[in-house]
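Listing of protein-v5.pdb, PDB, C-alpha atoms and all ligand atoms
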ATOM      1  CA  MET A   1       4.415   7.351  20.964
ATOM      2  CA  ASN A   2       2.654  10.609  20.182
ATOM      3  CA  ARG A   3       0.061  11.150  22.869
ATOM      4  CA  SER A   4      -2.852  12.194  20.682
ATOM      5  CA  ALA A   5      -2.106   9.410  18.177
ATOM      6  CA  SER A   6      -2.074   6.816  20.940
ATOM      7  CA  ARG A   7      -5.314   8.182  22.335
ATOM      8  CA  ALA A   8      -6.863   8.012  18.883
ATOM      9  CA  GLN A   9      -5.680   4.431  18.581
ATOM     10  CA  GLN A  10      -7.097   3.551  21.996
ATOM     11  CA  ASN A  11     -10.508   4.856  20.941
ATOM     12  CA  ILE A  12     -10.372   2.865  17.728
ATOM     13  CA  TRP A  13      -9.504  -0.360  19.558
ATOM     14  CA  GLU A  14     -12.349   0.210  22.005
ATOM     15  CA  SER A  15     -14.927   1.113  19.398
ATOM     16  CA  CYS A  16     -13.893  -1.645  17.008
ATOM     17  CA  THR A  17     -16.543  -4.153  17.979
ATOM     18  CA  GLU A  18     -17.569  -4.947  14.437
ATOM     19  CA  MET A  19     -14.670  -6.807  12.851
ATOM     20  CA  ASN A  20     -14.050  -7.780   9.255
ATOM     21  CA  ALA A  21     -15.172 -11.298   8.476
ATOM     22  CA  SER A  22     -11.738 -12.022   6.991
ATOM     23  CA  LEU A  23      -8.625 -10.200   5.819
ATOM     24  CA  VAL A  24      -9.204 -11.791   2.399
ATOM     25  CA  GLN A  25     -12.457 -10.530   0.928
ATOM     26  CA  SER A  26     -14.494 -10.727  -2.280
ATOM     27  CA  LEU A  27     -13.547  -8.302  -5.015
ATOM     28  CA  PHE A  28     -16.351  -6.323  -6.700
ATOM     29  CA  ASP A  29     -17.813  -7.923  -9.792
ATOM     30  CA  GLY A  30     -18.150  -5.969 -13.059
ATOM     31  CA  PRO A  31     -15.655  -3.649 -14.783
ATOM     32  CA  LEU A  32     -12.954  -2.153 -12.547
ATOM     33  CA  ASP A  33     -10.335   0.566 -12.530
ATOM     34  CA  ILE A  34      -7.463  -0.548 -10.314
ATOM     35  CA  VAL A  35      -5.465   2.433  -9.048
ATOM     36  CA  GLY A  36      -1.790   2.310  -7.983
ATOM     37  CA  ASP A  37      -0.210   3.627  -4.766
ATOM     38  CA  VAL A  38      -1.482   7.211  -4.250
ATOM     39  CA  HIS A  39       0.820   8.286  -1.376
ATOM     40  CA  GLY A  40      -1.011  11.516  -0.570
ATOM     41  CA  GLU A  41      -0.900  12.824  -4.160
ATOM     42  CA  ILE A  42      -4.405  14.261  -4.239
ATOM     43  CA  ALA A  43      -4.078  16.288  -7.468
ATOM     44  CA  PRO A  44      -2.991  13.365  -9.702
ATOM     45  CA  LEU A  45      -5.713  11.254  -8.061
ATOM     46  CA  ARG A  46      -8.421  13.791  -8.911
ATOM     47  CA  ALA A  47      -7.037  14.150 -12.465
ATOM     48  CA  LEU A  48      -6.967  10.382 -12.970
ATOM     49  CA  LEU A  49     -10.502   9.876 -11.674
ATOM     50  CA  GLN A  50     -11.774  12.573 -14.020
ATOM     51  CA  ARG A  51      -9.921  10.998 -16.935
ATOM     52  CA  LEU A  52     -11.463   7.634 -16.077
ATOM     53  CA  GLY A  53     -14.936   9.200 -16.094
ATOM     54  CA  TYR A  54     -15.767   9.201 -12.385
ATOM     55  CA  ALA A  55     -18.053  11.860 -10.909
ATOM     56  CA  ASP A  56     -17.098  13.680  -7.700
ATOM     57  CA  ASP A  57     -19.142  11.204  -5.673
ATOM     58  CA  GLY A  58     -17.191   8.257  -7.108
ATOM     59  CA  SER A  59     -20.018   7.077  -9.377
ATOM     60  CA  HIS A  60     -19.421   6.150 -13.023
ATOM     61  CA  ALA A  61     -21.943   6.403 -15.875
ATOM     62  CA  GLU A  62     -21.019   2.903 -17.075
ATOM     63  CA  GLY A  63     -21.195   1.390 -13.605
ATOM     64  CA  ARG A  64     -17.437   0.933 -13.278
ATOM     65  CA  ARG A  65     -15.951   0.751  -9.807
ATOM     66  CA  LEU A  66     -12.606   1.655  -8.241
ATOM     67  CA  VAL A  67     -10.094  -0.572  -6.505
ATOM     68  CA  PHE A  68      -7.039   0.823  -4.710
ATOM     69  CA  VAL A  69      -3.934  -1.295  -4.156
ATOM     70  CA  GLY A  70      -3.034   0.466  -0.877
ATOM     71  CA  ASP A  71      -0.338   2.903   0.316
ATOM     72  CA  LEU A  72      -2.836   5.750   0.256
ATOM     73  CA  THR A  73      -0.725   8.026   2.472
ATOM     74  CA  ASP A  74       2.776   9.464   3.172
ATOM     75  CA  ARG A  75       5.197  11.626   1.156
ATOM     76  CA  GLY A  76       2.676  13.499  -0.994
ATOM     77  CA  PRO A  77       1.094  16.879  -0.190
ATOM     78  CA  ASP A  78      -2.296  15.850   1.213
ATOM     79  CA  SER A  79      -2.690  12.396   2.740
ATOM     80  CA  PRO A  80      -5.772  13.442   4.794
ATOM     81  CA  ALA A  81      -7.637  14.489   1.621
ATOM     82  CA  VAL A  82      -6.753  11.212  -0.147
ATOM     83  CA  VAL A  83      -8.039   9.133   2.752
ATOM     84  CA  GLU A  84     -11.189  11.255   3.074
ATOM     85  CA  LEU A  85     -11.994  10.848  -0.633
ATOM     86  CA  ILE A  86     -11.378   7.106  -0.806
ATOM     87  CA  GLN A  87     -13.144   6.444   2.476
ATOM     88  CA  ARG A  88     -16.206   8.261   1.133
ATOM     89  CA  PHE A  89     -16.194   6.144  -2.047
ATOM     90  CA  VAL A  90     -15.735   2.938  -0.044
ATOM     91  CA  ALA A  91     -18.631   3.837   2.278
ATOM     92  CA  ALA A  92     -20.829   4.412  -0.794
ATOM     93  CA  GLY A  93     -19.906   0.982  -2.232
ATOM     94  CA  ARG A  94     -18.057   2.602  -5.163
ATOM     95  CA  ALA A  95     -14.510   1.643  -4.201
ATOM     96  CA  GLN A  96     -12.522  -1.028  -2.419
ATOM     97  CA  SER A  97      -8.975  -0.817  -1.108
ATOM     98  CA  VAL A  98      -6.451  -3.253   0.303
ATOM     99  CA  LEU A  99      -3.981  -2.317   3.023
ATOM    100  CA  GLY A 100      -0.441  -1.268   2.051
ATOM    101  CA  ASN A 101       2.681  -1.351   4.209
ATOM    102  CA  HIS A 102       2.573   2.423   4.791
ATOM    103  CA  ASP A 103      -1.062   2.186   5.887
ATOM    104  CA  PHE A 104      -0.228  -0.727   8.180
ATOM    105  CA  ASN A 105       2.657   1.180   9.804
ATOM    106  CA  LEU A 106       0.120   3.739  11.045
ATOM    107  CA  LEU A 107      -2.030   0.989  12.563
ATOM    108  CA  LEU A 108       1.048  -0.309  14.374
ATOM    109  CA  ASP A 109       2.017   3.245  15.410
ATOM    110  CA  HIS A 110       5.381   2.732  13.729
ATOM    111  CA  ARG A 111       6.854   6.170  13.131
ATOM    112  CA  LYS A 112       8.862   6.424   9.948
ATOM    113  CA  HIS A 113      10.646   9.263   8.216
ATOM    114  CA  ASP A 114       7.829   9.676   5.697
ATOM    115  CA  ASN A 115       4.801   9.428   8.001
ATOM    116  CA  GLY A 116       5.567  12.487  10.137
ATOM    117  CA  TRP A 117       2.466  14.202   8.690
ATOM    118  CA  PHE A 118       0.308  11.762  10.682
ATOM    119  CA  TYR A 119       1.985  12.792  13.942
ATOM    120  CA  GLY A 120       1.592  16.492  13.175
ATOM    121  CA  LYS A 121       5.302  16.791  12.423
ATOM    122  CA  GLU A 122       6.840  18.546   9.440
ATOM    123  CA  VAL A 123       9.205  16.378   7.410
ATOM    124  CA  THR A 124      12.473  17.875   6.187
ATOM    125  CA  GLU A 125      14.177  16.558   3.072
ATOM    126  CA  GLY A 126      17.481  17.966   1.820
ATOM    127  CA  GLY A 127      17.149  20.920   4.177
ATOM    128  CA  GLN A 128      13.694  21.801   2.859
ATOM    129  CA  ILE A 129      10.344  21.342   4.559
ATOM    130  CA  VAL A 130       8.149  18.991   2.523
ATOM    131  CA  PRO A 131       4.825  20.749   1.744
ATOM    132  CA  GLN A 132       2.261  18.531   3.448
ATOM    133  CA  VAL A 133      -1.069  18.817   5.208
ATOM    134  CA  LEU A 134      -0.519  17.614   8.783
ATOM    135  CA  ALA A 135      -3.041  15.496  10.673
ATOM    136  CA  ASP A 136      -4.884  16.636  13.766
ATOM    137  CA  GLU A 137      -6.582  14.286  16.192
ATOM    138  CA  THR A 138      -9.797  14.105  14.154
ATOM    139  CA  VAL A 139      -7.866  13.101  11.036
ATOM    140  CA  GLN A 140      -5.812  10.552  12.983
ATOM    141  CA  GLN A 141      -9.000   8.921  14.270
ATOM    142  CA  ARG A 142     -10.567   8.879  10.824
ATOM    143  CA  VAL A 143      -7.486   7.400   9.165
ATOM    144  CA  LEU A 144      -6.989   4.690  11.772
ATOM    145  CA  SER A 145     -10.636   3.675  11.897
ATOM    146  CA  PHE A 146     -10.718   3.418   8.093
ATOM    147  CA  PHE A 147      -7.462   1.464   7.759
ATOM    148  CA  ARG A 148      -8.653  -0.858  10.502
ATOM    149  CA  THR A 149     -11.497  -1.992   8.189
ATOM    150  CA  LEU A 150      -9.324  -2.724   5.130
ATOM    151  CA  PRO A 151      -8.612  -6.262   3.950
ATOM    152  CA  ILE A 152      -5.119  -7.438   2.946
ATOM    153  CA  ALA A 153      -6.322  -9.047  -0.273
ATOM    154  CA  LEU A 154      -9.325  -9.094  -2.610
ATOM    155  CA  GLU A 155     -10.239 -11.893  -4.976
ATOM    156  CA  ARG A 156     -12.710 -13.069  -7.594
ATOM    157  CA  ASP A 157     -12.617 -15.807 -10.227
ATOM    158  CA  ASP A 158     -10.516 -13.872 -12.770
ATOM    159  CA  LEU A 159      -8.558 -11.473 -10.567
ATOM    160  CA  ARG A 160      -6.574 -11.027  -7.362
ATOM    161  CA  ILE A 161      -5.542  -7.755  -5.699
ATOM    162  CA  VAL A 162      -2.834  -7.362  -3.049
ATOM    163  CA  HIS A 163      -0.472  -4.519  -2.145
ATOM    164  CA  ALA A 164       2.915  -6.198  -2.602
ATOM    165  CA  CYS A 165       2.860  -9.984  -3.059
ATOM    166  CA  TRP A 166       0.430 -12.847  -3.514
ATOM    167  CA  ASN A 167       1.571 -15.995  -1.738
ATOM    168  CA  ASP A 168      -0.913 -18.837  -1.266
ATOM    169  CA  GLU A 169       0.445 -19.982   2.095
ATOM    170  CA  MET A 170       0.387 -16.467   3.556
ATOM    171  CA  ILE A 171      -3.018 -15.721   2.015
ATOM    172  CA  ALA A 172      -4.400 -18.830   3.769
ATOM    173  CA  LEU A 173      -3.210 -17.437   7.125
ATOM    174  CA  ALA A 174      -4.761 -14.034   6.367
ATOM    175  CA  ARG A 175      -8.000 -15.723   5.289
ATOM    176  CA  ASP A 176      -8.354 -17.227   8.764
ATOM    177  CA  SER A 177      -7.829 -13.894  10.493
ATOM    178  CA  ALA A 178     -10.172 -10.927  10.995
ATOM    179  CA  ASP A 179      -7.703  -8.431  12.426
ATOM    180  CA  VAL A 180      -4.462  -7.353  10.792
ATOM    181  CA  VAL A 181      -2.733  -6.134  13.963
ATOM    182  CA  ASP A 182      -3.559  -9.373  15.805
ATOM    183  CA  LEU A 183      -2.328 -11.425  12.854
ATOM    184  CA  TYR A 184       0.937  -9.479  12.711
ATOM    185  CA  ASN A 185       1.553  -9.679  16.458
ATOM    186  CA  HIS A 186       0.720 -13.391  16.600
ATOM    187  CA  HIS A 187       3.241 -14.282  13.898
ATOM    188  CA  HIS A 188       5.825 -11.837  15.243
ATOM    189  CA  GLY A 189       5.668 -13.770  18.508
ATOM    190  CA  LEU A 190       5.828 -17.189  16.836
ATOM    191  CA  ILE A 191       8.878 -16.162  14.813
ATOM    192  CA  GLU A 192      10.635 -14.804  17.934
ATOM    193  CA  GLN A 193       9.892 -18.074  19.760
ATOM    194  CA  SER A 194      11.486 -20.087  16.956
ATOM    195  CA  PHE A 195      14.862 -18.323  17.223
ATOM    196  CA  PRO A 196      16.370 -20.176  20.240
ATOM    197  CA  GLY A 197      17.943 -23.333  18.849
ATOM    198  CA  LEU A 198      18.342 -21.817  15.401
ATOM    199  CA  ASP A 199      21.765 -20.448  14.630
ATOM    200  CA  LEU A 200      20.698 -17.183  13.005
ATOM    201  CA  ASP A 201      22.352 -13.803  12.865
ATOM    202  CA  ASP A 202      20.406 -10.515  12.963
ATOM    203  CA  ILE A 203      20.093 -10.440   9.181
ATOM    204  CA  ASP A 204      18.547 -13.920   8.987
ATOM    205  CA  GLN A 205      16.214 -13.074  11.854
ATOM    206  CA  GLY A 206      15.136  -9.911  10.070
ATOM    207  CA  LEU A 207      14.470 -11.865   6.894
ATOM    208  CA  MET A 208      12.333 -14.374   8.810
ATOM    209  CA  HIS A 209      10.238 -11.504  10.179
ATOM    210  CA  GLN A 210       9.863 -10.209   6.633
ATOM    211  CA  ASN A 211       9.164 -13.480   4.829
ATOM    212  CA  ASP A 212       7.355 -15.626   7.410
ATOM    213  CA  ASN A 213       4.938 -13.058   8.827
ATOM    214  CA  PRO A 214       1.890 -13.048   6.530
ATOM    215  CA  VAL A 215       1.238  -9.334   7.057
ATOM    216  CA  LYS A 216       4.810  -8.392   6.139
ATOM    217  CA  ARG A 217       5.056 -10.798   3.209
ATOM    218  CA  LEU A 218       1.741  -9.735   1.652
ATOM    219  CA  THR A 219       2.067  -5.978   2.245
ATOM    220  CA  SER A 220       5.777  -5.478   1.573
ATOM    221  CA  GLY A 221       6.943  -8.568  -0.318
ATOM    222  CA  PRO A 222       9.616 -11.234   0.096
ATOM    223  CA  GLU A 223      13.308 -10.409   0.553
ATOM    224  CA  GLU A 224      16.522 -12.389   0.279
ATOM    225  CA  ARG A 225      19.979 -12.036   1.733
ATOM    226  CA  VAL A 226      22.659 -10.334  -0.328
ATOM    227  CA  ALA A 227      26.400 -10.979  -0.098
ATOM    228  CA  GLN A 228      27.315  -7.295  -0.366
ATOM    229  CA  PRO A 229      25.272  -4.744   1.606
ATOM    230  CA  ILE A 230      23.198  -2.287  -0.430
ATOM    231  CA  VAL A 231      22.973   1.398   0.532
ATOM    232  CA  THR A 232      19.586   2.957  -0.342
ATOM    233  CA  SER A 233      18.035   6.123   1.094
ATOM    234  CA  GLY A 234      21.031   6.446   3.418
ATOM    235  CA  LYS A 235      20.384   3.016   4.972
ATOM    236  CA  THR A 236      22.572  -0.073   4.703
ATOM    237  CA  ARG A 237      20.508  -3.116   3.791
ATOM    238  CA  PHE A 238      21.449  -6.778   3.793
ATOM    239  CA  GLY A 239      18.238  -7.954   2.200
ATOM    240  CA  ARG A 240      16.910  -7.232  -1.254
ATOM    241  CA  ARG A 241      13.460  -7.482  -2.720
ATOM    242  CA  VAL A 242      12.649 -10.700  -4.577
ATOM    243  CA  GLN A 243      10.803 -10.374  -7.881
ATOM    244  CA  TRP A 244       8.217 -12.910  -6.774
ATOM    245  CA  TRP A 245       6.112 -12.363  -9.892
ATOM    246  CA  ASN A 246       8.648 -14.221 -12.039
ATOM    247  CA  GLU A 247       7.767 -17.466 -10.214
ATOM    248  CA  TYR A 248       4.063 -16.759  -9.688
ATOM    249  CA  GLN A 249       1.482 -18.979 -11.363
ATOM    250  CA  GLY A 250      -2.182 -18.542 -10.710
ATOM    251  CA  THR A 251      -5.131 -16.250 -11.222
ATOM    252  CA  PHE A 252      -4.117 -12.854 -12.649
ATOM    253  CA  CYS A 253      -2.808 -10.668  -9.820
ATOM    254  CA  VAL A 254      -2.602  -6.856  -9.774
ATOM    255  CA  PHE A 255      -0.304  -5.308  -7.172
ATOM    256  CA  GLY A 256       1.476  -2.043  -6.351
ATOM    257  CA  HIS A 257       4.343  -1.222  -3.961
ATOM    258  CA  TYR A 258       7.334  -1.517  -6.301
ATOM    259  CA  ALA A 259       7.221   2.020  -7.810
ATOM    260  CA  ILE A 260       8.320   0.772 -11.228
ATOM    261  CA  PRO A 261       8.840   3.783 -13.545
ATOM    262  CA  TYR A 262       7.056   4.056 -16.889
ATOM    263  CA  GLY A 263       8.598   1.934 -19.640
ATOM    264  CA  GLN A 264      10.064  -0.787 -17.408
ATOM    265  CA  PRO A 265       8.880  -4.418 -17.223
ATOM    266  CA  ARG A 266       6.091  -4.570 -14.700
ATOM    267  CA  GLY A 267       5.106  -8.140 -14.038
ATOM    268  CA  SER A 268       4.600 -11.352 -15.922
ATOM    269  CA  GLU A 269       1.983 -13.230 -17.954
ATOM    270  CA  SER A 270      -0.244 -13.415 -14.911
ATOM    271  CA  THR A 271       0.735 -10.347 -12.868
ATOM    272  CA  PHE A 272       0.805  -6.570 -13.281
ATOM    273  CA  CYS A 273       2.344  -3.857 -11.094
ATOM    274  CA  VAL A 274       0.153  -0.734 -11.337
ATOM    275  CA  ASP A 275       2.438   1.450  -9.163
ATOM    276  CA  TYR A 276       4.180   3.858 -11.564
ATOM    277  CA  GLY A 277       5.892   5.689  -8.710
ATOM    278  CA  VAL A 278       3.772   8.816  -8.169
ATOM    279  CA  GLY A 279       4.661   8.438  -4.480
ATOM    280  CA  LYS A 280       8.194   9.523  -5.315
ATOM    281  CA  ARG A 281       7.130  12.812  -6.853
ATOM    282  CA  TRP A 282       8.212  14.471  -3.631
ATOM    283  CA  THR A 283      11.765  13.827  -4.784
ATOM    284  CA  GLU A 284      11.003  15.197  -8.266
ATOM    285  CA  ARG A 285       9.560  18.373  -6.711
ATOM    286  CA  ARG A 286      12.724  18.823  -4.705
ATOM    287  CA  GLU A 287      14.786  18.414  -7.863
ATOM    288  CA  GLY A 288      12.767  21.116  -9.627
ATOM    289  CA  LYS A 289      10.923  18.723 -11.983
ATOM    290  CA  ALA A 290       7.464  19.809 -10.865
ATOM    291  CA  ARG A 291       6.565  21.012 -14.354
ATOM    292  CA  ASN A 292       7.506  17.738 -15.969
ATOM    293  CA  PHE A 293       6.952  14.805 -13.662
ATOM    294  CA  THR A 294       8.208  11.486 -14.991
ATOM    295  CA  LEU A 295       6.548   9.486 -12.209
ATOM    296  CA  LYS A 296       2.853   8.833 -12.674
ATOM    297  CA  LEU A 297      -0.338   7.679 -11.057
ATOM    298  CA  ALA A 298      -2.013   4.975 -13.135
ATOM    299  CA  ALA A 299      -5.054   2.754 -13.221
ATOM    300  CA  LEU A 300      -5.435  -0.608 -14.924
ATOM    301  CA  ARG A 301      -8.841  -0.943 -16.541
ATOM    302  CA  TRP A 302     -10.205  -4.454 -16.142
ATOM    303  CA  PRO A 303     -11.172  -6.484 -18.143
ATOM    304  CA  GLU A 304      -9.903  -4.162 -20.923
ATOM    305  CA  ARG A 305      -6.279  -4.348 -19.711
ATOM    306  CA  LEU A 306      -5.799  -0.710 -20.639
ATOM    307  CA  VAL A 307      -3.531   1.506 -18.549
ATOM    308  CA  VAL A 308      -4.724   5.083 -17.977
ATOM    309  CA  PHE A 309      -2.383   7.705 -16.495
ATOM    310  CA  ASP A 310      -3.147  10.941 -14.696
ATOM    311  CA  GLU A 311      -1.652  12.801 -17.686
ATOM    312  CA  HIS A 312      -1.902  10.617 -20.809
ATOM    313  CA  SER A 313      -2.955   7.069 -21.622
ATOM    314  CA  CYS A 314      -1.765   4.051 -23.551
ATOM    315  CA  SER A 315      -2.519   0.333 -23.931
ATOM    316  CA  SER A 316      -0.883  -2.212 -21.673
TER     317      SER A 316
HETATM  318 MN    MN A 401       4.194  -0.141  -0.411
END

So that I can check it, write out the structure of this file as structure tokens.
Ligand SMILES: [Mn+2]
Amino acid sequence: MNRSASRAQQNIWESCTEMNASLVQSLFDGPLDIVGDVHGEIAPLRALLQRLGYADDGSHAEGRRLVFVGDLTDRGPDSPAVVELIQRFVAAGRAQSVLGNHDFNLLLDHRKHDNGWFYGKEVTEGGQIVPQVLADETVQQRVLSFFRTLPIALERDDLRIVHACWNDEMIALARDSADVVDLYNHHHGLIEQSFPGLDLDDIDQGLMHQNDNPVKRLTSGPEERVAQPIVTSGKTRFGRRVQWWNEYQGTFCVFGHYAIPYGQPRGSESTFCVDYGVGKRWTERREGKARNFTLKLAALRWPERLVVFDEHSCSS
């Protein structure tokens, strides 16, 4: 564990006396603009907010408000600036955000290839240093204390927001919890305790941790075992993502996480994935596509059901 990060975390734990009432909270009323995974892409975020009609302080002339589906950081050029901006809007009551799996990894101090920025470490991709603003201790503290306040899900009569997957059983567990790290650790322990007596291999055990832990299921979605291993991003995987939205029935749910490119099916009658993959622009930059990005940051306007992009807009 990075020493300054762990010290920052220690301070957060100690100062965190005022807990969320629940990890499932009320969504703003009124008209909303629900923004997909930002992943440190500050320039598309600023462009999108301007296009949507938001002032620099996050206010909107028509009283609209912002909702972020999580995964605010990692990969893109300036995660600290993205968090600073959204935190300011949230503090002013002009935005809400749920917690994504990337955000949660920082709370757990899980170091991943694409969160090196948080630990003050340059990330190298294909032999090139990824251009990123690195965090110092002040930024680490600010990011952790903000993420610590975020709910896993938001809801109102006509709409649900979650990062990866809405599942009633897992939502009920999150509803009864006020702290996401405690909830994760509690279920991690319960799942481990259930293994003796079950005849499971490592793959099945991994899938139980993914599917039966409410924090994992809601922030990174269900997975299933595959007969033939899949190689993605240089890793061999024995689980694949389940398109849970095909079976989902319930109040309309907007989610992110799946980085579905423009033009592909993005949900069902009662769901919509607003993540158009801007978080993978770091790969497009590396491939020399910086003048013509195909991956976008988008917002779903609600109740209009209009999708607005950082560069151009169209109806959903
Ligand atoms: Mn995600």

At a cut-off of 10 Å around the point (-7.9, -10.9, -11.3) (file coordinates), what residues fall inside when counting all atoms listed in the file? I'd like the answer as a list in words.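 Those residues, ordered by chain and then number, are Leu27, Leu154, Glu155, Arg156, Asp157, Asp158, Leu159, Arg160, Ile161, Gly250, Thr251, Phe252, Cys253, Val254, Ser270, Thr271, Phe272, Trp302 and Pro303 of chain A.
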
Just write the chosen residues, C-alpha atoms, as a CSV table (one decimal), in the frame of the given file.
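Contents of result_33.csv, as written:
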chain,number,residue,atom,x,y,z
A,27,LEU,CA,-13.5,-8.3,-5.0
A,154,LEU,CA,-9.3,-9.1,-2.6
A,155,GLU,CA,-10.2,-11.9,-5.0
A,156,ARG,CA,-12.7,-13.1,-7.6
A,157,ASP,CA,-12.6,-15.8,-10.2
A,158,ASP,CA,-10.5,-13.9,-12.8
A,159,LEU,CA,-8.6,-11.5,-10.6
A,160,ARG,CA,-6.6,-11.0,-7.4
A,161,ILE,CA,-5.5,-7.8,-5.7
A,250,GLY,CA,-2.2,-18.5,-10.7
A,251,THR,CA,-5.1,-16.2,-11.2
A,252,PHE,CA,-4.1,-12.9,-12.6
A,253,CYS,CA,-2.8,-10.7,-9.8
A,254,VAL,CA,-2.6,-6.9,-9.8
A,270,SER,CA,-0.2,-13.4,-14.9
A,271,THR,CA,0.7,-10.3,-12.9
A,272,PHE,CA,0.8,-6.6,-13.3
A,302,TRP,CA,-10.2,-4.5,-16.1
A,303,PRO,CA,-11.2,-6.5,-18.1

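Evaluated against the shown file, the PyMOL selection byres (((chain A and resi 122) around 12) and not hetatm) gives Asp74, Arg75, Pro77, His113, Asp114, Asn115, Gly116, Trp117, Phe118, Tyr119, Gly120, Lys121, Val123, Thr124, Glu125, Gly127, Gln128, Ile129, Val130, Pro131, Gln132, Val133, Leu134 and Ala135 of chain A.
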
Name every residue that the PyMOL selection byres (((chain A and resi 216-227) around 9) and not hetatm) selects in this structure, writing the answer as a PDB file with C-alpha atoms, in the frame of the given file with chains first and numbers rising.
ATOM      1  CA  GLY A  70      -3.034   0.466  -0.877  1.00  0.00           C
ATOM      2  CA  LEU A  99      -3.981  -2.317   3.023  1.00  0.00           C
ATOM      3  CA  GLY A 100      -0.441  -1.268   2.051  1.00  0.00           C
ATOM      4  CA  ASN A 101       2.681  -1.351   4.209  1.00  0.00           C
ATOM      5  CA  HIS A 102       2.573   2.423   4.791  1.00  0.00           C
ATOM      6  CA  PHE A 104      -0.228  -0.727   8.180  1.00  0.00           C
ATOM      7  CA  ILE A 152      -5.119  -7.438   2.946  1.00  0.00           C
ATOM      8  CA  ALA A 153      -6.322  -9.047  -0.273  1.00  0.00           C
ATOM      9  CA  VAL A 162      -2.834  -7.362  -3.049  1.00  0.00           C
ATOM     10  CA  HIS A 163      -0.472  -4.519  -2.145  1.00  0.00           C
ATOM     11  CA  ALA A 164       2.915  -6.198  -2.602  1.00  0.00           C
ATOM     12  CA  CYS A 165       2.860  -9.984  -3.059  1.00  0.00           C
ATOM     13  CA  TRP A 166       0.430 -12.847  -3.514  1.00  0.00           C
ATOM     14  CA  ASN A 167       1.571 -15.995  -1.738  1.00  0.00           C
ATOM     15  CA  MET A 170       0.387 -16.467   3.556  1.00  0.00           C
ATOM     16  CA  ILE A 171      -3.018 -15.721   2.015  1.00  0.00           C
ATOM     17  CA  TYR A 184       0.937  -9.479  12.711  1.00  0.00           C
ATOM     18  CA  ILE A 203      20.093 -10.440   9.181  1.00  0.00           C
ATOM     19  CA  ASP A 204      18.547 -13.920   8.987  1.00  0.00           C
ATOM     20  CA  LEU A 207      14.470 -11.865   6.894  1.00  0.00           C
ATOM     21  CA  HIS A 209      10.238 -11.504  10.179  1.00  0.00           C
ATOM     22  CA  GLN A 210       9.863 -10.209   6.633  1.00  0.00           C
ATOM     23  CA  ASN A 211       9.164 -13.480   4.829  1.00  0.00           C
ATOM     24  CA  ASP A 212       7.355 -15.626   7.410  1.00  0.00           C
ATOM     25  CA  ASN A 213       4.938 -13.058   8.827  1.00  0.00           C
ATOM     26  CA  PRO A 214       1.890 -13.048   6.530  1.00  0.00           C
ATOM     27  CA  VAL A 215       1.238  -9.334   7.057  1.00  0.00           C
ATOM     28  CA  GLN A 228      27.315  -7.295  -0.366  1.00  0.00           C
ATOM     29  CA  PRO A 229      25.272  -4.744   1.606  1.00  0.00           C
ATOM     30  CA  ILE A 230      23.198  -2.287  -0.430  1.00  0.00           C
ATOM     31  CA  ARG A 237      20.508  -3.116   3.791  1.00  0.00           C
ATOM     32  CA  PHE A 238      21.449  -6.778   3.793  1.00  0.00           C
ATOM     33  CA  GLY A 239      18.238  -7.954   2.200  1.00  0.00           C
ATOM     34  CA  ARG A 240      16.910  -7.232  -1.254  1.00  0.00           C
ATOM     35  CA  ARG A 241      13.460  -7.482  -2.720  1.00  0.00           C
ATOM     36  CA  VAL A 242      12.649 -10.700  -4.577  1.00  0.00           C
ATOM     37  CA  GLN A 243      10.803 -10.374  -7.881  1.00  0.00           C
ATOM     38  CA  TRP A 244       8.217 -12.910  -6.774  1.00  0.00           C
ATOM     39  CA  HIS A 257       4.343  -1.222  -3.961  1.00  0.00           C
ATOM     40  CA  TYR A 258       7.334  -1.517  -6.301  1.00  0.00           C
TER      41      TYR A 258
END

Selected residue, from A:Leu72, A:Val35, A:Ala298, A:Val24, that lies nearest to ligand MN 401 (chain A) when counting only C-alpha atoms and all ligand atoms: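 Of A:Leu72, A:Val35, A:Ala298, A:Val24, the one nearest ligand MN 401 (chain A) is A:Leu72, counting only C-alpha atoms and all ligand atoms.
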
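Distances to ligand MN 401 (chain A) were evaluated for A:Ala174, A:Leu23, A:Val274, A:Leu198 using all atoms listed in the file, and the minimum falls at A:Val274.
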
Applying the PyMOL selection byres (((chain A and resi 299) around 7) and not hetatm) to the file I just gave you, which residues come out? Please list them as a ChimeraX atom specification. /A:33-36,274,298,300-301,307-309

Surrounding residues of Glu287 in chain A excluding itself and chain neighbours under 6 positions, 12 Å, only C-alpha atoms, as a ChimeraX atom specification: /A:125-126,128,280-281,293-294

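Within 10 Å of Ala178 in chain A, once all atoms listed in the file are used and residues closer than 3 positions along the same chain are dropped, the contacting residues are A:Met19, A:Asn20, A:Ala21, A:Ser22, A:Leu23, A:Val24, A:Thr149, A:Pro151, A:Ala174, A:Arg175, A:Val181, A:Asp182, A:Leu183.
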
Counting all atoms listed in the file, the option among A:Ala290, A:Trp245, A:His110, A:Ser97 closest to Pro265 in chain A: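 So, comparing all the options, the nearest one is A:Trp245.
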
Which of A:Leu150, A:Ala91, A:Val180, A:Ala55 sits closest to Leu108 in chain A [using only C-alpha atoms]: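 When distances to Leu108 in chain A are compared using only C-alpha atoms, the smallest one comes from A:Val180.
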
Identify which of the residues A:Val98, A:Val82, A:Val139, A:Leu144 lies closest to ligand MN 401 (chain A), counting only C-alpha atoms and all ligand atoms when measuring atom-to-atom distances.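 So, comparing all the options, the nearest one is A:Val98.
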
As an exercise, work out the distance from CA of Arg51 in chain A to CA of Val143 in chain A in Å and give it to one decimal place.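 Answer for the CA of Arg51 in chain A to CA of Val143 in chain A separation: 26.5 Å.
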